[in-house]
file my_file_11.cif (mmCIF, C-alpha atoms)
data_input
loop_
_atom_site.group_PDB
_atom_site.id
_atom_site.type_symbol
_atom_site.label_atom_id
_atom_site.label_comp_id
_atom_site.auth_asym_id
_atom_site.auth_seq_id
_atom_site.Cartn_x
_atom_site.Cartn_y
_atom_site.Cartn_z
ATOM 1 C CA MET A 1 -1.894 -19.610 14.499
ATOM 2 C CA ILE A 2 -1.843 -22.299 17.188
ATOM 3 C CA GLY A 3 0.707 -25.005 16.563
ATOM 4 C CA LEU A 4 3.268 -22.980 14.674
ATOM 5 C CA PRO A 5 6.838 -23.886 15.741
ATOM 6 C CA LEU A 6 8.977 -21.242 17.369
ATOM 7 C CA TRP A 7 11.656 -21.283 14.663
ATOM 8 C CA ALA A 8 9.005 -20.158 12.184
ATOM 9 C CA ALA A 9 7.159 -17.765 14.485
ATOM 10 C CA VAL A 10 10.172 -15.514 15.132
ATOM 11 C CA PRO A 11 11.028 -14.770 11.450
ATOM 12 C CA VAL A 12 7.360 -14.283 10.630
ATOM 13 C CA ALA A 13 7.004 -11.823 13.521
ATOM 14 C CA LEU A 14 10.136 -9.989 12.361
ATOM 15 C CA LEU A 15 8.719 -9.798 8.821
ATOM 16 C CA LEU A 16 5.431 -8.366 10.106
ATOM 17 C CA VAL A 17 7.219 -5.774 12.261
ATOM 18 C CA LEU A 18 9.494 -4.831 9.350
ATOM 19 C CA ALA A 19 6.483 -4.430 7.043
ATOM 20 C CA GLY A 20 4.796 -2.176 9.582
ATOM 21 C CA ILE A 21 7.861 0.017 10.083
ATOM 22 C CA VAL A 22 8.578 0.337 6.362
ATOM 23 C CA THR A 23 4.991 1.208 5.481
ATOM 24 C CA LEU A 24 4.745 3.718 8.314
ATOM 25 C CA THR A 25 7.987 5.334 7.108
ATOM 26 C CA GLY A 26 6.582 5.649 3.620
ATOM 27 C CA SER A 27 3.355 7.211 4.849
ATOM 28 C CA ILE A 28 5.165 9.655 7.128
ATOM 29 C CA GLY A 29 7.310 10.594 4.131
ATOM 30 C CA LEU A 30 4.123 11.254 2.172
ATOM 31 C CA LEU A 31 3.037 13.588 4.959
ATOM 32 C CA ARG A 32 6.312 15.389 5.611
ATOM 33 C CA LEU A 33 8.182 15.813 2.318
ATOM 34 C CA ARG A 34 7.872 19.193 0.688
ATOM 35 C CA SER A 35 7.287 19.011 -3.051
ATOM 36 C CA PHE A 36 5.094 16.615 -5.008
ATOM 37 C CA HIS A 37 8.047 15.134 -6.865
ATOM 38 C CA GLU A 38 9.617 14.097 -3.558
ATOM 39 C CA ARG A 39 6.328 12.816 -2.185
ATOM 40 C CA MET A 40 5.908 10.617 -5.245
ATOM 41 C CA HIS A 41 8.686 8.297 -4.046
ATOM 42 C CA ALA A 42 7.711 7.812 -0.405
ATOM 43 C CA PRO A 43 4.633 5.505 -0.549
ATOM 44 C CA THR A 44 6.237 3.178 -3.104
ATOM 45 C CA MET A 45 8.281 1.772 -0.211
ATOM 46 C CA GLY A 46 5.114 0.538 1.470
ATOM 47 C CA MET A 47 3.772 -0.704 -1.852
ATOM 48 C CA THR A 48 6.797 -2.880 -2.566
ATOM 49 C CA MET A 49 8.573 -3.813 0.683
ATOM 50 C CA GLY A 50 5.483 -3.835 2.914
ATOM 51 C CA VAL A 51 3.391 -6.007 0.626
ATOM 52 C CA PHE A 52 6.372 -8.276 -0.054
ATOM 53 C CA CYS A 53 7.021 -8.866 3.667
ATOM 54 C CA VAL A 54 3.348 -9.480 4.495
ATOM 55 C CA ALA A 55 2.972 -11.884 1.563
ATOM 56 C CA LEU A 56 6.078 -13.791 2.631
ATOM 57 C CA ALA A 57 4.829 -14.042 6.216
ATOM 58 C CA ALA A 58 1.390 -15.217 5.074
ATOM 59 C CA THR A 59 2.947 -17.820 2.785
ATOM 60 C CA VAL A 60 5.146 -19.209 5.583
ATOM 61 C CA ILE A 61 2.274 -19.378 8.092
ATOM 62 C CA ALA A 62 -0.246 -20.943 5.707
ATOM 63 C CA SER A 63 2.243 -23.429 4.265
ATOM 64 C CA LEU A 64 3.387 -24.596 7.706
ATOM 65 C CA LEU A 65 -0.125 -24.871 9.107
ATOM 66 C CA GLN A 66 -1.595 -26.784 6.183
ATOM 67 C CA HIS A 67 1.514 -28.847 5.292
ATOM 68 C CA ARG A 68 1.441 -27.889 1.630
ATOM 69 C CA PRO A 69 2.751 -24.879 -0.298
ATOM 70 C CA ILE A 70 0.217 -22.053 -0.429
ATOM 71 C CA VAL A 71 1.180 -19.180 -2.666
ATOM 72 C CA HIS A 72 -2.005 -17.259 -3.382
ATOM 73 C CA GLU A 73 -0.821 -14.169 -1.454
ATOM 74 C CA TRP A 74 1.748 -13.644 -4.194
ATOM 75 C CA LEU A 75 -1.129 -12.891 -6.558
ATOM 76 C CA ILE A 76 -1.655 -9.563 -4.749
ATOM 77 C CA CYS A 77 2.104 -8.962 -4.727
ATOM 78 C CA LEU A 78 2.417 -9.645 -8.470
ATOM 79 C CA PHE A 79 -0.616 -7.501 -9.260
ATOM 80 C CA LEU A 80 0.703 -4.567 -7.223
ATOM 81 C CA PHE A 81 4.171 -4.834 -8.743
ATOM 82 C CA MET A 82 2.584 -4.695 -12.188
ATOM 83 C CA THR A 83 0.152 -1.852 -11.541
ATOM 84 C CA ALA A 84 2.023 0.509 -9.226
ATOM 85 C CA PRO A 85 4.387 1.849 -11.970
ATOM 86 C CA VAL A 86 1.411 2.495 -14.276
ATOM 87 C CA THR A 87 -0.284 4.691 -11.674
ATOM 88 C CA ALA A 88 3.006 6.405 -10.873
ATOM 89 C CA ILE A 89 3.703 7.202 -14.530
ATOM 90 C CA LEU A 90 0.184 8.553 -15.117
ATOM 91 C CA LEU A 91 0.333 10.704 -11.960
ATOM 92 C CA MET A 92 3.769 12.049 -12.844
ATOM 93 C CA GLN A 93 2.677 12.936 -16.384
ATOM 94 C CA SER A 94 -0.416 14.730 -15.115
ATOM 95 C CA ALA A 95 1.624 16.580 -12.460
ATOM 96 C CA ARG A 96 4.160 17.744 -15.053
ATOM 97 C CA ARG A 97 1.452 18.829 -17.473
ATOM 98 C CA ARG A 98 -0.471 20.748 -14.825
ATOM 99 C CA GLN A 99 2.709 22.376 -13.567
ATOM 100 C CA ARG A 100 3.673 23.435 -17.075
ATOM 101 C CA LYS A 101 0.182 24.809 -17.652
ATOM 102 C CA ARG A 102 0.374 26.751 -14.400
ATOM 103 C CA THR A 103 3.796 28.284 -15.164
ATOM 104 C CA GLY A 104 2.732 28.973 -18.748
ATOM 105 C CA ALA A 105 -0.319 30.834 -17.463
ATOM 106 C CA ASP A 106 1.926 32.824 -15.148
ATOM 107 C CA GLU A 107 4.257 33.767 -17.994
ATOM 108 C CA SER A 108 1.440 34.873 -20.276
ATOM 109 C CA LYS A 109 0.099 37.327 -17.723
ATOM 110 C CA MET B 110 4.810 -18.851 23.063
ATOM 111 C CA SER B 111 4.777 -18.604 19.275
ATOM 112 C CA ALA B 112 1.106 -17.619 19.320
ATOM 113 C CA THR B 113 1.936 -14.763 21.727
ATOM 114 C CA ILE B 114 4.818 -13.531 19.548
ATOM 115 C CA LEU B 115 2.663 -13.584 16.427
ATOM 116 C CA HIS B 116 -0.223 -11.906 18.246
ATOM 117 C CA TRP B 117 1.930 -8.953 19.301
ATOM 118 C CA ALA B 118 3.726 -8.706 15.955
ATOM 119 C CA GLY B 119 0.410 -8.664 14.126
ATOM 120 C CA GLY B 120 -0.925 -6.028 16.505
ATOM 121 C CA PHE B 121 2.160 -3.856 15.983
ATOM 122 C CA ALA B 122 1.872 -4.206 12.198
ATOM 123 C CA VAL B 123 -1.818 -3.248 12.258
ATOM 124 C CA LEU B 124 -1.013 -0.260 14.483
ATOM 125 C CA CYS B 125 1.705 0.921 12.050
ATOM 126 C CA PHE B 126 -0.586 0.495 9.049
ATOM 127 C CA THR B 127 -3.334 2.424 10.816
ATOM 128 C CA LEU B 128 -0.983 5.280 11.651
ATOM 129 C CA GLY B 129 0.191 5.335 8.033
ATOM 130 C CA LEU B 130 -3.435 5.432 6.908
ATOM 131 C CA GLY B 131 -3.965 8.425 9.198
ATOM 132 C CA CYS B 132 -0.914 10.207 7.729
ATOM 133 C CA ALA B 133 -2.219 9.606 4.217
ATOM 134 C CA ALA B 134 -5.671 10.848 5.265
ATOM 135 C CA VAL B 135 -4.120 14.089 6.573
ATOM 136 C CA ARG B 136 -2.340 14.495 3.239
ATOM 137 C CA LEU B 137 -5.619 13.761 1.440
ATOM 138 C CA ILE B 138 -7.362 16.567 3.301
ATOM 139 C CA ARG B 139 -4.487 19.046 3.299
ATOM 140 C CA GLY B 140 -2.754 18.342 -0.012
ATOM 141 C CA PRO B 141 -2.057 21.430 -2.079
ATOM 142 C CA GLY B 142 -2.655 19.877 -5.473
ATOM 143 C CA ALA B 143 -5.036 17.323 -6.928
ATOM 144 C CA GLU B 144 -2.138 14.937 -7.664
ATOM 145 C CA ASP B 145 -1.258 14.862 -3.971
ATOM 146 C CA ARG B 146 -4.789 13.820 -3.178
ATOM 147 C CA VAL B 147 -4.751 11.017 -5.735
ATOM 148 C CA LEU B 148 -1.413 9.784 -4.380
ATOM 149 C CA ALA B 149 -2.773 9.895 -0.823
ATOM 150 C CA LEU B 150 -5.849 7.917 -1.915
ATOM 151 C CA ASP B 151 -3.572 5.293 -3.445
ATOM 152 C CA THR B 152 -1.597 5.073 -0.194
ATOM 153 C CA ILE B 153 -4.835 4.707 1.779
ATOM 154 C CA TYR B 154 -5.851 1.804 -0.446
ATOM 155 C CA ILE B 155 -2.509 0.070 0.039
ATOM 156 C CA ASN B 156 -2.559 0.540 3.812
ATOM 157 C CA GLY B 157 -6.115 -0.735 4.105
ATOM 158 C CA MET B 158 -5.223 -3.759 2.023
ATOM 159 C CA LEU B 159 -2.247 -4.510 4.268
ATOM 160 C CA ILE B 160 -4.435 -4.186 7.373
ATOM 161 C CA LEU B 161 -6.857 -6.719 5.904
ATOM 162 C CA LEU B 162 -4.019 -9.131 5.035
ATOM 163 C CA VAL B 163 -2.598 -9.013 8.577
ATOM 164 C CA LEU B 164 -6.069 -9.407 10.100
ATOM 165 C CA GLY B 165 -6.565 -12.441 7.876
ATOM 166 C CA LEU B 166 -3.331 -13.866 9.282
ATOM 167 C CA ARG B 167 -4.427 -13.217 12.849
ATOM 168 C CA PHE B 168 -7.903 -14.655 12.559
ATOM 169 C CA GLY B 169 -6.965 -17.420 10.150
ATOM 170 C CA ALA B 170 -9.876 -16.685 7.820
ATOM 171 C CA GLY B 171 -9.507 -16.994 4.075
ATOM 172 C CA LEU B 172 -12.151 -14.416 3.239
ATOM 173 C CA TYR B 173 -9.824 -11.521 4.045
ATOM 174 C CA PHE B 174 -7.563 -12.478 1.146
ATOM 175 C CA ASP B 175 -10.378 -12.072 -1.387
ATOM 176 C CA VAL B 176 -11.332 -8.694 0.076
ATOM 177 C CA ALA B 177 -7.680 -7.567 -0.067
ATOM 178 C CA LEU B 178 -7.370 -8.674 -3.688
ATOM 179 C CA LEU B 179 -10.539 -6.761 -4.593
ATOM 180 C CA ILE B 180 -9.261 -3.668 -2.769
ATOM 181 C CA ALA B 181 -5.964 -3.838 -4.681
ATOM 182 C CA LEU B 182 -7.877 -4.178 -7.957
ATOM 183 C CA PHE B 183 -10.271 -1.298 -7.307
ATOM 184 C CA GLY B 184 -7.486 0.865 -5.884
ATOM 185 C CA PHE B 185 -5.562 0.544 -9.130
ATOM 186 C CA VAL B 186 -8.655 1.213 -11.234
ATOM 187 C CA GLY B 187 -9.662 4.235 -9.163
ATOM 188 C CA SER B 188 -6.296 5.917 -8.930
ATOM 189 C CA SER B 189 -5.431 5.314 -12.584
ATOM 190 C CA ALA B 190 -8.825 6.694 -13.636
ATOM 191 C CA LEU B 191 -8.290 9.781 -11.484
ATOM 192 C CA ALA B 192 -4.760 10.256 -12.850
ATOM 193 C CA LYS B 193 -6.066 9.873 -16.404
ATOM 194 C CA PHE B 194 -8.734 12.436 -15.664
ATOM 195 C CA LEU B 195 -6.119 14.873 -14.359
ATOM 196 C CA LEU B 196 -3.977 14.197 -17.407
ATOM 197 C CA ARG B 197 -6.569 14.532 -20.171
ATOM 198 C CA GLY B 198 -9.669 16.088 -18.684
ATOM 199 C CA GLU B 199 -11.764 12.977 -19.322
ATOM 200 C CA VAL B 200 -11.400 9.330 -18.411
ATOM 201 C CA ILE B 201 -12.523 7.505 -21.550
ATOM 202 C CA GLU B 202 -11.651 9.395 -24.676
ATOM 203 C CA PRO B 203 -13.943 9.115 -27.695
#

call {"tool": "encode", "arguments": {"input": "my_file_11.cif", "output": "structure tokens"}}
result
Amino acid sequence: MIGLPLWAAVPVALLLVLAGIVTLTGSIGLLRLRSFHERMHAPTMGMTMGVFCVALAATVIASLLQHRPIVHEWLICLFLFMTAPVTAILLMQSARRRQRKRTGADESK
Amino acid sequence: MSATILHWAGGFAVLCFTLGLGCAAVRLIRGPGAEDRVLALDTIYINGMLILLVLGLRFGAGLYFDVALLIALFGFVGSSALAKFLLRGEVIEP
């Protein structure tokens, strides 16, 4: 990272700090929220905003250092944005089914 | 000057991701249901991938990107397979 101008280093540093704070908030939410349906929402913040900020920072650094546009970090971003809802939907369906099974077993007793 | 700023920002980001990974690991151990554990495993994958991306920025090595892409891929495969198992009772249905 030697040779990066200051006008680019400050926004990149802010993006990295923002990604860290957002992801840490999501993970603390995963730890502290009470029910599973609330906890479902917390880590998606790190999955979207955190990865987006880190990919943007990496793109700026690599493009400025090598004097040509480098966009391969967006591959991870695109892949995560495509696959995170699939996992979330599957987990939510399984949670609902297991909850219904549990309450149904309680009612049949 | 700019190298110092980026060094400290990268260190702070890695520290935050590591703390988040620890939170998710506590949820993985403590979680009341199996879905909580799968969700915590997914969060651990994402945090580890972000740590690798920021380390790749700091060291300027391109190999970290490939490892992060593979971790994202296998994280999706693993957590969706576990969720499918919780949903149906088996991963690949006949």

call {"tool": "resolve_selection", "arguments": {"input": "my_file_11.cif", "expression": "the PyMOL selection byres ((chain B) within 8 of (chain A))", "output": "JSON, numbers by chain"}}
result
{"B": [110, 111, 112, 114, 115, 118, 119, 121, 122, 123, 124, 125, 126, 128, 129, 130, 132, 133, 135, 136, 144, 145, 148, 149, 152, 155, 156, 159, 162, 163, 166, 167, 169, 174, 177, 178, 181, 185, 188, 189, 192, 193, 195, 196, 197]}

call {"tool": "closest_residue", "arguments": {"input": "my_file_11.cif", "among": "A:Trp74, A:Thr103, A:His41, A:Arg68", "to": "Leu56 in chain A", "atoms": "only C-alpha atoms"}}
result
A:Trp74

call {"tool": "atom_distance", "arguments": {"input": "my_file_11.cif", "atom1": "CA of Gln99 in chain A", "atom2": "CA of Ile138 in chain B"}}
result
20.5 Å

call {"tool": "atom_distance", "arguments": {"input": "my_file_11.cif", "atom1": "CA of Ile70 in chain A", "atom2": "CA of Tyr154 in chain B"}}
result
24.6 Å

call {"tool": "axis_aligned_box", "arguments": {"input": "my_file_11.cif", "around": "range 15-19 of chain A", "padding_each_side": "8 Å", "output": "lines of an AutoDock Vina configuration file"}}
result
center_x = 7.5
center_y = -7.1
center_z = 9.7
size_x = 20.1
size_y = 21.4
size_z = 21.2

call {"tool": "atom_distance", "arguments": {"input": "my_file_11.cif", "atom1": "CA of Gly120 in chain B", "atom2": "CA of Leu164 in chain B"}}
result
8.9 Å

call {"tool": "closest_residue", "arguments": {"input": "my_file_11.cif", "among": "B:Gly184, B:Gly165, B:Gly157, B:Gly142", "to": "Thr127 in chain B", "atoms": "all atoms listed in the file"}}
result
B:Gly157
